[in-house]
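**Student:** Provided herewith: entry.csv, CSV, C-alpha atoms.
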chain,number,residue,atom,x,y,z
A,1,MET,CA,26.5,-70.5,-22.4
A,2,ILE,CA,27.9,-67.2,-23.6
A,3,ASP,CA,31.7,-67.5,-23.7
A,4,PHE,CA,34.5,-64.9,-23.9
A,5,ARG,CA,34.7,-65.1,-27.7
A,6,TYR,CA,31.0,-63.8,-27.9
A,7,HIS,CA,31.8,-60.8,-25.7
A,8,LEU,CA,34.9,-60.1,-27.8
A,9,VAL,CA,33.1,-60.1,-31.1
A,10,SER,CA,30.3,-57.8,-29.6
A,11,LEU,CA,32.9,-55.4,-28.4
A,12,VAL,CA,34.7,-55.3,-31.7
A,13,ALA,CA,31.4,-54.7,-33.6
A,14,VAL,CA,30.6,-51.7,-31.3
A,15,PHE,CA,34.0,-50.2,-32.0
A,16,ILE,CA,33.6,-50.8,-35.8
A,17,ALA,CA,30.2,-49.1,-35.8
A,18,LEU,CA,31.6,-46.2,-33.8
A,19,ALA,CA,34.5,-45.8,-36.3
A,20,VAL,CA,32.1,-45.9,-39.3
A,21,GLY,CA,30.0,-43.2,-37.7
A,22,VAL,CA,33.0,-41.0,-37.0
A,23,VAL,CA,34.2,-41.4,-40.6
A,24,LEU,CA,30.8,-40.7,-42.1
A,25,GLY,CA,30.2,-37.7,-39.8
A,26,ALA,CA,33.5,-36.2,-40.6
A,27,GLY,CA,33.2,-36.8,-44.3
A,28,PRO,CA,30.2,-37.2,-46.6
A,29,LEU,CA,27.4,-36.4,-44.0
A,30,ARG,CA,29.2,-33.5,-42.3
A,31,GLU,CA,28.6,-30.9,-44.9
A,32,GLY,CA,24.9,-31.7,-45.4
A,33,ILE,CA,24.0,-31.7,-41.7
A,34,SER,CA,26.0,-28.6,-40.9
A,35,ASP,CA,24.6,-26.7,-43.8
A,36,THR,CA,21.0,-27.6,-42.8
A,37,LEU,CA,21.5,-26.6,-39.2
A,38,GLU,CA,23.2,-23.4,-40.0
A,39,GLY,CA,20.4,-22.5,-42.5
A,40,GLU,CA,17.7,-23.2,-39.9
A,41,VAL,CA,19.5,-21.1,-37.3
A,42,SER,CA,20.0,-18.2,-39.7
A,43,GLY,CA,16.3,-18.4,-40.7
A,44,LEU,CA,15.1,-18.4,-37.1
A,45,ARG,CA,17.3,-15.4,-36.3
A,46,ALA,CA,16.0,-13.5,-39.3
A,47,GLU,CA,12.4,-14.3,-38.3
A,48,ARG,CA,13.0,-13.2,-34.8
A,49,ALA,CA,14.5,-9.9,-35.9
A,50,GLU,CA,11.5,-9.4,-38.3
A,51,VAL,CA,9.0,-10.1,-35.5
A,52,ARG,CA,10.7,-7.7,-33.2
A,53,ALA,CA,10.7,-5.0,-35.8
A,54,GLN,CA,7.0,-5.5,-36.4
A,55,ALA,CA,6.3,-5.4,-32.7
A,56,ALA,CA,8.3,-2.2,-32.3
A,57,GLU,CA,6.5,-0.7,-35.3
A,58,ALA,CA,3.0,-1.7,-33.9
A,59,GLN,CA,3.9,-0.3,-30.5
A,60,ALA,CA,5.0,2.9,-32.0
A,61,HIS,CA,1.8,3.2,-33.9
A,62,ALA,CA,-0.2,2.4,-30.8
A,63,ASP,CA,1.7,5.0,-28.8
A,64,ALA,CA,1.1,7.6,-31.6
A,65,LEU,CA,-2.7,6.8,-31.6
A,66,ASP,CA,-2.8,7.0,-27.8
A,67,ARG,CA,-1.1,10.5,-27.9
A,68,ALA,CA,-3.5,11.6,-30.6
A,69,MET,CA,-6.5,10.4,-28.6
A,70,GLY,CA,-5.1,12.3,-25.6
A,71,VAL,CA,-5.1,15.5,-27.7
A,72,ILE,CA,-8.7,15.2,-28.9
A,73,ALA,CA,-10.1,13.8,-25.7
A,74,PRO,CA,-10.7,17.2,-23.9
A,75,ARG,CA,-12.6,18.6,-26.9
A,76,THR,CA,-14.6,15.4,-27.4
A,77,ALA,CA,-15.7,15.3,-23.7
A,78,SER,CA,-16.1,19.0,-23.3
A,79,ALA,CA,-19.3,20.1,-21.5
A,80,THR,CA,-20.6,16.5,-21.2
A,81,LEU,CA,-20.4,16.7,-17.4
A,82,THR,CA,-21.1,20.4,-16.8
A,83,GLY,CA,-22.1,21.0,-13.2
A,84,VAL,CA,-21.9,17.3,-12.2
A,85,ARG,CA,-20.3,16.5,-8.9
A,86,VAL,CA,-18.5,13.2,-9.1
A,87,ALA,CA,-17.2,11.1,-6.2
A,88,VAL,CA,-14.1,9.1,-7.2
A,89,VAL,CA,-13.7,5.8,-5.3
A,90,LEU,CA,-10.3,4.0,-5.6
A,91,MET,CA,-10.2,0.3,-4.8
A,92,PRO,CA,-7.2,-1.1,-2.9
A,93,GLY,CA,-4.5,-1.7,-5.5
A,94,ALA,CA,-6.0,0.8,-8.0
A,95,ASP,CA,-3.5,3.0,-9.9
A,96,ARG,CA,-3.4,6.3,-8.1
A,97,ASN,CA,-2.1,8.0,-11.2
A,98,LEU,CA,-5.1,6.8,-13.1
A,99,GLY,CA,-7.3,8.2,-10.4
A,100,GLU,CA,-5.7,11.6,-10.8
A,101,GLN,CA,-5.9,11.4,-14.6
A,102,LEU,CA,-9.6,10.7,-14.4
A,103,THR,CA,-10.2,13.5,-12.0
A,104,GLU,CA,-8.5,15.9,-14.4
A,105,ALA,CA,-10.6,14.5,-17.2
A,106,VAL,CA,-13.8,15.1,-15.2
A,107,ASP,CA,-12.7,18.7,-14.8
A,108,GLU,CA,-12.0,19.1,-18.5
A,109,ALA,CA,-15.6,17.7,-19.2
A,110,GLY,CA,-17.0,20.5,-17.0
A,111,GLY,CA,-17.6,18.3,-13.9
A,112,TYR,CA,-16.1,18.5,-10.5
A,113,VAL,CA,-14.7,16.0,-8.1
A,114,PRO,CA,-15.4,17.2,-4.6
A,115,LEU,CA,-14.5,13.9,-2.9
A,116,THR,CA,-12.0,11.1,-3.5
A,117,VAL,CA,-12.4,8.0,-1.4
A,118,THR,CA,-9.4,5.6,-1.2
A,119,LEU,CA,-10.5,2.3,0.2
A,120,GLN,CA,-8.0,0.5,2.4
A,121,PRO,CA,-7.2,-3.3,2.3
A,122,SER,CA,-8.9,-3.9,5.7
A,123,TRP,CA,-12.4,-3.2,4.3
A,124,GLN,CA,-12.3,-6.2,2.1
A,125,THR,CA,-10.8,-8.8,4.4
A,126,GLN,CA,-12.6,-11.3,6.7
A,127,GLN,CA,-10.9,-9.9,9.8
A,128,GLY,CA,-11.7,-6.3,8.9
A,129,GLN,CA,-15.4,-7.0,8.3
A,130,GLU,CA,-15.7,-9.0,11.5
A,131,GLU,CA,-14.1,-6.2,13.5
A,132,ALA,CA,-16.4,-3.6,11.9
A,133,VAL,CA,-19.6,-5.2,13.2
A,134,PRO,CA,-19.9,-3.2,16.4
A,135,LEU,CA,-19.2,0.1,14.5
A,136,LEU,CA,-21.7,-0.8,11.8
A,137,GLU,CA,-24.5,-1.5,14.3
A,138,GLN,CA,-23.8,1.9,15.8
A,139,ILE,CA,-23.8,4.0,12.7
A,140,ALA,CA,-26.1,2.1,10.3
A,141,GLY,CA,-29.2,3.7,11.7
A,142,ASP,CA,-27.9,7.1,10.6
A,143,LEU,CA,-28.2,6.1,6.9
A,144,GLN,CA,-30.8,5.0,4.4
A,145,LEU,CA,-29.5,1.5,3.6
A,146,PRO,CA,-30.8,-0.7,0.8
A,147,THR,CA,-33.1,-3.5,2.0
A,148,LEU,CA,-31.1,-6.2,3.7
A,149,PRO,CA,-31.8,-9.9,3.4
A,150,GLU,CA,-33.7,-11.3,6.4
A,151,GLY,CA,-31.4,-12.2,9.2
A,152,GLU,CA,-28.5,-10.2,8.0
A,153,GLY,CA,-27.1,-7.1,9.6
A,154,PRO,CA,-25.5,-4.1,8.0
A,155,SER,CA,-22.3,-4.7,6.1
A,156,LEU,CA,-19.3,-2.6,5.3
A,157,PRO,CA,-20.2,-2.4,1.6
A,158,ALA,CA,-23.7,-1.3,2.3
A,159,VAL,CA,-22.8,1.3,4.9
A,160,LEU,CA,-19.8,2.6,2.9
A,161,GLY,CA,-21.9,2.9,-0.3
A,162,ALA,CA,-24.7,4.7,1.4
A,163,ALA,CA,-22.3,7.1,3.0
A,164,VAL,CA,-20.5,7.9,-0.3
A,165,VAL,CA,-23.7,8.8,-2.1
A,166,GLY,CA,-25.1,10.8,0.9
A,167,ALA,CA,-28.0,8.6,1.7
A,168,ASP,CA,-29.0,10.1,5.1
A,169,GLY,CA,-31.5,8.4,7.3
A,170,PRO,CA,-34.9,10.1,8.1
A,171,GLY,CA,-34.2,13.2,10.1
A,172,ARG,CA,-30.4,12.7,10.0
A,173,THR,CA,-29.4,15.4,7.5
A,174,GLY,CA,-25.6,15.4,7.1
A,175,ALA,CA,-25.1,12.0,8.8
A,176,TRP,CA,-23.3,10.6,5.8
A,177,LEU,CA,-20.4,13.0,6.4
A,178,GLU,CA,-20.1,11.8,10.0
A,179,VAL,CA,-20.2,8.2,8.9
A,180,LEU,CA,-17.4,8.8,6.4
A,181,GLU,CA,-15.3,10.5,9.0
A,182,GLN,CA,-15.8,7.5,11.4
A,183,LEU,CA,-14.9,5.0,8.7
A,184,ASP,CA,-11.8,7.1,8.0
A,185,SER,CA,-10.8,7.2,11.6
A,186,GLU,CA,-11.2,3.4,11.9
A,187,GLY,CA,-8.8,2.9,8.9
A,188,TYR,CA,-11.3,1.5,6.4
A,189,LEU,CA,-10.8,4.4,3.9
A,190,ARG,CA,-9.0,7.7,3.4
A,191,LEU,CA,-11.0,10.9,2.5
A,192,ALA,CA,-9.7,13.7,0.3
A,193,TRP,CA,-11.9,16.8,-0.1
A,194,SER,CA,-11.3,19.3,-2.9
A,195,GLU,CA,-11.9,23.0,-3.1
A,196,GLN,CA,-14.5,24.1,-5.6
A,197,PRO,CA,-13.2,25.3,-9.0
A,198,ASP,CA,-13.8,28.9,-8.0
A,199,GLY,CA,-11.5,28.5,-5.0
A,200,THR,CA,-14.2,28.7,-2.4
A,201,LEU,CA,-14.7,26.3,0.5
A,202,GLU,CA,-15.0,22.5,0.1
A,203,ASP,CA,-18.3,21.3,-1.3
A,204,ARG,CA,-19.8,19.0,1.3
A,205,ARG,CA,-23.0,18.1,-0.6
A,206,PRO,CA,-23.7,14.5,-1.8
A,207,PRO,CA,-22.2,13.7,-5.2
A,208,ASP,CA,-24.4,13.4,-8.3
A,209,ALA,CA,-22.5,10.4,-9.7
A,210,VAL,CA,-19.8,7.9,-8.7
A,211,LEU,CA,-16.7,6.8,-10.6
A,212,LEU,CA,-15.2,3.6,-9.2
A,213,VAL,CA,-11.6,2.8,-10.2
A,214,SER,CA,-10.9,-0.9,-9.8
A,215,GLY,CA,-7.5,-2.6,-9.6
A,216,GLY,CA,-5.3,-4.9,-7.4
A,217,LEU,CA,-7.1,-8.1,-8.4
A,218,THR,CA,-6.4,-10.3,-11.4
A,219,LEU,CA,-8.0,-13.4,-12.8
A,220,PRO,CA,-5.7,-16.5,-12.6
A,221,GLU,CA,-4.5,-18.1,-15.8
A,222,GLU,CA,-6.2,-21.4,-14.9
A,223,GLY,CA,-9.0,-22.2,-12.5
A,224,ASP,CA,-11.0,-19.9,-10.2
A,225,LEU,CA,-10.0,-17.2,-7.7
A,226,ASP,CA,-8.7,-18.6,-4.3
A,227,GLU,CA,-10.8,-18.1,-1.2
A,228,ALA,CA,-9.2,-14.8,-0.2
A,229,ASP,CA,-9.6,-13.2,-3.6
A,230,THR,CA,-13.1,-14.5,-3.9
A,231,LEU,CA,-14.0,-12.7,-0.7
A,232,VAL,CA,-12.4,-9.5,-2.1
A,233,LEU,CA,-14.4,-9.8,-5.3
A,234,ASP,CA,-17.7,-10.5,-3.5
A,235,THR,CA,-17.1,-7.4,-1.2
A,236,ARG,CA,-16.4,-5.2,-4.2
A,237,THR,CA,-19.5,-6.5,-6.0
A,238,SER,CA,-21.6,-5.8,-3.0
A,239,LEU,CA,-20.4,-2.2,-3.0
A,240,VAL,CA,-21.4,-1.9,-6.6
A,241,ARG,CA,-24.8,-3.5,-5.8
A,242,THR,CA,-25.3,-0.9,-3.1
A,243,PHE,CA,-24.7,2.0,-5.4
A,244,VAL,CA,-27.2,0.5,-7.9
A,245,ARG,CA,-29.9,-0.1,-5.3
A,246,LEU,CA,-29.5,3.5,-4.2
A,247,ASN,CA,-29.9,4.7,-7.8
A,248,ALA,CA,-26.5,6.4,-8.0
A,249,PRO,CA,-25.2,6.9,-11.6
A,250,LEU,CA,-22.1,4.6,-11.5
A,251,THR,CA,-19.3,3.9,-13.9
A,252,VAL,CA,-16.7,1.2,-13.0
A,253,THR,CA,-13.4,1.4,-14.9
A,254,GLY,CA,-10.6,-1.2,-14.9
A,255,THR,CA,-7.3,-1.8,-16.6
A,256,GLY,CA,-5.5,-4.8,-18.1
A,257,THR,CA,-7.0,-5.5,-21.5
A,258,VAL,CA,-4.5,-3.4,-23.5
A,259,GLY,CA,-1.3,-4.9,-22.1
A,260,GLY,CA,-2.8,-8.3,-21.3
A,261,ALA,CA,-4.8,-9.0,-24.5
A,262,GLN,CA,-2.7,-12.2,-25.2
A,263,GLN,CA,-3.2,-13.6,-21.7
A,264,PRO,CA,-5.6,-16.5,-21.2
A,265,GLN,CA,-8.1,-14.3,-19.4
A,266,GLY,CA,-7.5,-11.3,-21.7
A,267,GLY,CA,-6.1,-9.2,-18.9
A,268,GLN,CA,-9.6,-8.3,-17.8
A,269,ASP,CA,-10.4,-6.9,-14.3
A,270,PRO,CA,-12.5,-9.4,-12.3
A,271,LEU,CA,-14.9,-6.8,-11.0
A,272,VAL,CA,-15.6,-5.5,-14.6
A,273,VAL,CA,-16.1,-9.1,-15.7
A,274,GLY,CA,-18.4,-9.8,-12.8
A,275,ILE,CA,-20.6,-6.8,-13.5
A,276,ARG,CA,-20.9,-7.7,-17.2
A,277,GLN,CA,-21.9,-11.2,-16.3
A,278,ASP,CA,-24.6,-10.1,-13.8
A,279,ARG,CA,-27.8,-9.3,-15.7
A,280,ALA,CA,-29.1,-6.8,-13.1
A,281,LEU,CA,-25.8,-5.0,-12.6
A,282,ARG,CA,-25.1,-4.9,-16.3
A,283,ALA,CA,-28.3,-3.1,-17.0
A,284,GLN,CA,-27.8,-0.4,-14.5
A,285,THR,CA,-24.0,0.1,-14.4
A,286,SER,CA,-21.5,1.3,-17.0
A,287,THR,CA,-18.0,-0.3,-17.3
A,288,VAL,CA,-14.8,0.4,-19.2
A,289,ASP,CA,-12.1,-2.3,-19.3
A,290,ASP,CA,-9.1,-0.4,-20.9
A,291,ALA,CA,-8.6,2.7,-18.8
A,292,GLU,CA,-4.8,2.4,-19.0
A,293,GLY,CA,-5.0,4.1,-22.4
A,294,ALA,CA,-6.2,7.6,-23.4
A,295,ALA,CA,-9.1,6.0,-25.4
A,296,GLY,CA,-10.2,4.1,-22.3
A,297,ARG,CA,-10.0,7.2,-20.1
A,298,LEU,CA,-12.1,9.1,-22.7
A,299,SER,CA,-14.6,6.2,-22.8
A,300,THR,CA,-14.9,6.4,-19.0
A,301,ILE,CA,-15.8,10.1,-19.1
A,302,LEU,CA,-18.3,9.6,-21.9
A,303,ALA,CA,-19.8,6.6,-20.2
A,304,LEU,CA,-20.2,8.6,-17.0
A,305,GLY,CA,-22.0,11.3,-19.0
A,306,TRP,CA,-24.4,8.7,-20.3
A,307,GLU,CA,-24.9,7.3,-16.8
A,308,VAL,CA,-26.0,10.8,-15.6
A,309,ALA,CA,-28.4,10.9,-18.5
A,310,GLY,CA,-29.8,7.5,-17.4
A,311,ARG,CA,-28.2,5.1,-19.9
A,312,SER,CA,-25.7,2.3,-19.2
A,313,GLY,CA,-23.2,0.8,-21.5
A,314,HIS,CA,-20.0,-1.4,-21.5
A,315,TYR,CA,-17.0,-0.3,-23.5
A,316,GLY,CA,-13.4,-1.3,-24.2
A,317,ILE,CA,-11.7,-4.2,-26.0
A,318,GLY,CA,-12.7,-7.0,-23.7
A,319,PRO,CA,-14.8,-9.9,-25.1
A,320,GLN,CA,-18.0,-8.6,-23.3
A,321,ALA,CA,-17.7,-5.0,-24.4
A,322,GLU,CA,-20.6,-3.6,-26.5
A,323,ALA,CA,-18.3,-1.2,-28.4
A,324,PRO,CA,-14.8,0.2,-28.1
A,325,MET,CA,-16.1,3.6,-27.1
A,326,PRO,CA,-19.4,5.4,-26.7
A,327,GLN,CA,-20.3,8.4,-28.8
A,328,PRO,CA,-20.3,11.7,-26.8
A,329,PRO,CA,-23.5,12.2,-24.7
A,330,PRO,CA,-25.6,15.3,-25.1
A,331,VAL,CA,-23.7,18.5,-24.2
A,332,ARG,CA,-24.9,20.0,-20.9
A,333,LEU,CA,-25.4,23.7,-21.3
A,334,VAL,CA,-25.6,25.8,-18.1
A,335,THR,CA,-26.6,29.4,-17.7
A,336,GLY,CA,-25.6,31.3,-14.6
A,337,LEU,CA,-24.7,28.1,-12.8
A,338,VAL,CA,-22.5,28.0,-9.7
A,339,PRO,CA,-20.0,25.0,-10.0
A,340,GLY,CA,-21.6,21.9,-8.6
A,341,ASP,CA,-25.2,22.9,-9.1
A,342,GLN,CA,-26.2,20.1,-11.4
A,343,GLU,CA,-29.9,20.5,-10.8
A,344,GLN,CA,-29.9,23.7,-13.0
A,345,ALA,CA,-28.2,22.1,-15.9
A,346,THR,CA,-30.0,21.3,-19.1
A,347,GLU,CA,-29.1,18.6,-21.7
A,348,PRO,CA,-29.7,19.9,-25.2
A,349,VAL,CA,-29.4,17.2,-27.9
A,350,PRO,CA,-28.0,17.7,-31.4
A,351,ASP,CA,-30.4,17.7,-34.3
A,352,ASP,CA,-29.3,14.3,-35.4
A,353,ALA,CA,-29.4,12.7,-32.0
A,354,GLU,CA,-32.7,11.0,-32.5
A,355,GLU,CA,-31.5,9.5,-35.8
A,356,THR,CA,-28.5,7.9,-34.0
A,357,GLY,CA,-30.6,6.5,-31.1
A,358,ASP,CA,-31.6,3.0,-31.8
A,359,THR,CA,-33.9,1.6,-29.2
A,360,GLU,CA,-31.9,-1.6,-28.7
A,361,ALA,CA,-28.9,0.2,-27.3
A,362,THR,CA,-27.1,-0.5,-24.1
A,363,GLY,CA,-28.8,-2.7,-21.6
A,364,ASP,CA,-31.4,-0.3,-20.2
A,365,THR,CA,-34.0,-3.0,-20.6
A,366,ASP,CA,-33.9,-6.8,-20.7
A,367,ASP,CA,-34.5,-6.8,-24.4
A,368,ALA,CA,-31.6,-4.5,-25.0
A,369,GLU,CA,-29.3,-6.6,-23.0
A,370,GLU,CA,-30.1,-9.7,-25.0
A,371,THR,CA,-29.0,-8.2,-28.2
A,372,GLY,CA,-25.4,-8.4,-26.9
A,373,ASP,CA,-23.5,-7.9,-30.2
A,374,ALA,CA,-20.4,-5.7,-29.8
A,375,GLY,CA,-21.0,-3.7,-32.9
A,376,ASP,CA,-24.8,-3.3,-32.8
A,377,THR,CA,-24.6,0.2,-31.4
A,378,ALA,CA,-22.1,2.3,-29.6
A,379,VAL,CA,-24.5,4.9,-28.5
A,380,PRO,CA,-27.3,4.7,-25.9
A,381,PRO,CA,-30.5,6.1,-27.4
A,382,VAL,CA,-31.6,9.5,-26.3
A,383,GLU,CA,-35.1,9.6,-24.8
A,384,ASP,CA,-37.7,11.7,-26.7
A,385,ASP,CA,-38.0,14.3,-23.9
A,386,ALA,CA,-34.3,15.0,-24.0
A,387,ALA,CA,-34.6,16.3,-27.5
A,388,THR,CA,-37.0,19.0,-26.5
A,389,THR,CA,-35.0,20.3,-23.6
A,390,ALA,CA,-34.3,24.0,-24.1
A,391,PRO,CA,-30.6,25.0,-24.3
Spell out the structure here as C-alpha cells.

**Tutor:**
Amino acid sequence: MIDFRYHLVSLVAVFIALAVGVVLGAGPLREGISDTLEGEVSGLRAERAEVRAQAAEAQAHADALDRAMGVIAPRTASATLTGVRVAVVLMPGADRNLGEQLTEAVDEAGGYVPLTVTLQPSWQTQQGQEEAVPLLEQIAGDLQLPTLPEGEGPSLPAVLGAAVVGADGPGRTGAWLEVLEQLDSEGYLRLAWSEQPDGTLEDRRPPDAVLLVSGGLTLPEEGDLDEADTLVLDTRTSLVRTFVRLNAPLTVTGTGTVGGAQQPQGGQDPLVVGIRQDRALRAQTSTVDDAEGAAGRLSTILALGWEVAGRSGHYGIGPQAEAPMPQPPPVRLVTGLVPGDQEQATEPVPDDAEETGDTEATGDTDDAEETGDAGDTAVPPVEDDAATTAP
C-alpha cells in the first residue's frame, strides 16, 4: 500500500525537476533557444517583406501591360466588325461596366450594338420558369423555335434566344420585337435600344451576332454546384444551345481567371467551362475566360469577328483555352455602307492569311477539336474563298 512517505518523495522529485528546468532555462539554454527563435522570426519577416515586394512588382507589371494592351486594342481590332450589328446579352450578376466596355469595343471595331438585353434573376429560377408557362404557350407560335424534344413545351431559354436573334415564325414578320417587349413587361429581361451611329432612329432589325456576358455564378472550391445553381447553369446552357441551333454567331465571355488563378477551380466561369466541355457547343461557339482585363476584352472582339466569319475558338488563360488570344480576323472593308448593313460588307484577307491558316485550327470540325493543344494554333484558318473576296 502506498504510504505518505511515497507521496512526499514524489512531490519533492517534481519540485527538484522544476527547479532544475528553471535554472537551465535561465542559464545555459536560455541564450541558445532565444537566439534560435529570434533568428527564425527575423528570417520569416524578411521573407514576408520580400514576397510582398515581389507581388507588388508583379502587379505593377501586370497593370502596365494591361494599360498597354488597352492602348493598342482599338487599332488591333479596327474594322474587324465593320457593319456588324451585335446584340449584347448580360446574364444576371454580370458586370455592367464590362458590358459597357465591350459595347464601346464593338464600336471601335466598326460594329454597332443596337440592342442590349439584361436578363433578370427570375428567368433562371424554378418559380419564374413555372410562372412563364402560360405566356410561353401564347407567344411561342410567333417564333421559329429550335426543334423541341418530344413531349416538351417551349421553354424560356428557347423563346428568349429565338426572340433575341429575330427568328420570326412563318408569316409573322417583326414578331420577335413583340415577344421581347412582352418578356420585358413580365420582368424576365430589360431592353435597351441604341440610336444608330449616324444619330438616326433606333435600328430594329435582327442582329447579325450575339455577345453573351456571363457572371454571377462561381464554381465551389470543393464538390459540385448545389441544386439552385445547377438549375441556373442548365438554364444558361440551354440559352446558348438555342443560339447555336439557330445558327447565330455567338461569343460567350466570362471573368475570374485573372484574379482567381490560384483558386482550386482557377476562377473560371461555370458557363464558359460547360461550353468548353460540351463537344457540340465547343465546336460552334467561341469563349473567352479573362474578360476582366484589356487582353480578354480584345480577345472577345477578335473572337466575335472570327465567329462572324464562321470560325469558333476558345481563348484566355483557363486550362481549356486553345490560346491566350486569337490573331485578328480579316478586315471587313465596306464601300458606301449605311451603318448596320452587314450584307454589303466584304472580308478581304491579307496576302499571308493562307500561310497562317492551318486546317487543324479551332474546333470547326470534330478532328480539329480533338487536337486540343493550347499552343497548336491561335488563329482559325481562313477558307479559300475568303482570300479571293474583292476589297

**Student:** Under the rule that all atoms listed in the file are counted, which of A:Leu201, A:Leu246, A:Leu11, A:Leu225 is the nearest residue to Asp168 in chain A?

**Tutor:**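 Among the listed residues, the smallest separation from Asp168 in chain A belongs to A:Leu246.
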
**Student:** When you look at Gly169 in chain A with a cut-off of 10 Å (counting all atoms listed in the file), what residues show up, excluding the ones that are within fewer than 5 positions of it in the same chain? I need them as a PyMOL selection string.

**Tutor:** chain A and resi 140-145+162+174-176

**Student:** I'd like the neighbourhood of Gln182 in chain A as a PyMOL selection string, where a residue qualifies if any of its atoms comes within 12 Å (using all atoms listed in the file), though same-chain residues fewer than 4 positions away should be ignored.

**Tutor:** chain A and resi 132+135-136+138-140+159-160+163+175-178+186-191

**Student:** Can you write just those residues out, C-alpha atoms, as an mmCIF file, in the frame of the given file?

**Tutor:**
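The resulting file, part_8.cif, is reproduced below:
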data_model
loop_
_atom_site.group_PDB
_atom_site.id
_atom_site.type_symbol
_atom_site.label_atom_id
_atom_site.label_comp_id
_atom_site.auth_asym_id
_atom_site.auth_seq_id
_atom_site.Cartn_x
_atom_site.Cartn_y
_atom_site.Cartn_z
ATOM 1 C CA ALA A 132 -16.400 -3.600 11.900
ATOM 2 C CA LEU A 135 -19.200 0.100 14.500
ATOM 3 C CA LEU A 136 -21.700 -0.800 11.800
ATOM 4 C CA GLN A 138 -23.800 1.900 15.800
ATOM 5 C CA ILE A 139 -23.800 4.000 12.700
ATOM 6 C CA ALA A 140 -26.100 2.100 10.300
ATOM 7 C CA VAL A 159 -22.800 1.300 4.900
ATOM 8 C CA LEU A 160 -19.800 2.600 2.900
ATOM 9 C CA ALA A 163 -22.300 7.100 3.000
ATOM 10 C CA ALA A 175 -25.100 12.000 8.800
ATOM 11 C CA TRP A 176 -23.300 10.600 5.800
ATOM 12 C CA LEU A 177 -20.400 13.000 6.400
ATOM 13 C CA GLU A 178 -20.100 11.800 10.000
ATOM 14 C CA GLU A 186 -11.200 3.400 11.900
ATOM 15 C CA GLY A 187 -8.800 2.900 8.900
ATOM 16 C CA TYR A 188 -11.300 1.500 6.400
ATOM 17 C CA LEU A 189 -10.800 4.400 3.900
ATOM 18 C CA ARG A 190 -9.000 7.700 3.400
ATOM 19 C CA LEU A 191 -11.000 10.900 2.500
#

**Student:** Could you state the separation of CA of Pro157 in chain A and CA of Arg236 in chain A in Å, given to one decimal place?

**Tutor:**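 Pair CA of Pro157 in chain A / CA of Arg236 in chain A returns 7.5 Å.
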
**Student:** Would you compute the distance between CA of Ile72 in chain A and CA of Glu322 in chain A? Give it in Å to one decimal.

**Tutor:**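 A separation of 22.4 Å between them.
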
**Student:** Within 9 Å of range 193-195 of chain A, counting all atoms listed in the file, which residues qualify if same-chain residues fewer than 2 places away don't, as a PDB file with C-alpha atoms, keeping the file's coordinate frame?

**Tutor:**
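Final output, out.pdb:
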ATOM      1  CA  VAL A 113     -14.700  16.000  -8.100  1.00  0.00           C
ATOM      2  CA  PRO A 114     -15.400  17.200  -4.600  1.00  0.00           C
ATOM      3  CA  LEU A 115     -14.500  13.900  -2.900  1.00  0.00           C
ATOM      4  CA  THR A 116     -12.000  11.100  -3.500  1.00  0.00           C
ATOM      5  CA  VAL A 117     -12.400   8.000  -1.400  1.00  0.00           C
ATOM      6  CA  LEU A 191     -11.000  10.900   2.500  1.00  0.00           C
ATOM      7  CA  PRO A 197     -13.200  25.300  -9.000  1.00  0.00           C
ATOM      8  CA  ASP A 198     -13.800  28.900  -8.000  1.00  0.00           C
ATOM      9  CA  GLY A 199     -11.500  28.500  -5.000  1.00  0.00           C
ATOM     10  CA  THR A 200     -14.200  28.700  -2.400  1.00  0.00           C
ATOM     11  CA  LEU A 201     -14.700  26.300   0.500  1.00  0.00           C
ATOM     12  CA  GLU A 202     -15.000  22.500   0.100  1.00  0.00           C
ATOM     13  CA  ASP A 203     -18.300  21.300  -1.300  1.00  0.00           C
ATOM     14  CA  ARG A 204     -19.800  19.000   1.300  1.00  0.00           C
TER      15      ARG A 204
END

**Student:** Do you have the CA of Ser238 in chain A-CA of Ala167 in chain A distance handy?

**Tutor:**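 These two atoms are separated by 16.4 Å.
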
**Student:** Restricting the calculation to all atoms listed in the file, which member of A:Gly274, A:Gly310, A:Gln59, A:Asp95 is positioned closest to Ala248 in chain A?

**Tutor:**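 Once distances to Ala248 in chain A are computed over all atoms listed in the file, the minimum belongs to A:Gly310.
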
**Student:** Give the answer as one residue: which of A:Ala73, A:Leu239, A:Val84, A:Met91 has the shortest atom-to-atom distance to Gly161 in chain A, using all atoms listed in the file?

**Tutor:**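 Comparing A:Ala73, A:Leu239, A:Val84, A:Met91 against Gly161 in chain A, the winner is A:Leu239.
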
**Student:** Taking into account only C-alpha atoms, which residue in the set A:Leu271, A:Met69, A:Val12, A:Val308 is nearest to Asp229 in chain A?

**Tutor:** A:Leu271

**Student:** Using only C-alpha atoms for the distances, tell me which of A:Asp63, A:Glu57, A:Glu50, A:Glu104 is nearest to Arg297 in chain A.

**Tutor:**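 Result for the nearest residue to Arg297 in chain A: A:Glu104.
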
**Student:** Pick from A:Gly259, A:Pro170, A:Gly216, A:Pro270: nearest to Ala62 in chain A, with all atoms listed in the file counted?

**Tutor:**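 For Ala62 in chain A, the nearest of the candidates is A:Gly259.
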
**Student:** Write out as JSON, numbers by chain each polymer residue whose atoms come within 10 Å of Thr235 in chain A, counting all atoms listed in the file; drop sequence neighbours fewer than 6 positions from it.

**Tutor:** {"A": [123, 124, 125, 126, 129, 155, 156, 157, 158, 229, 241]}
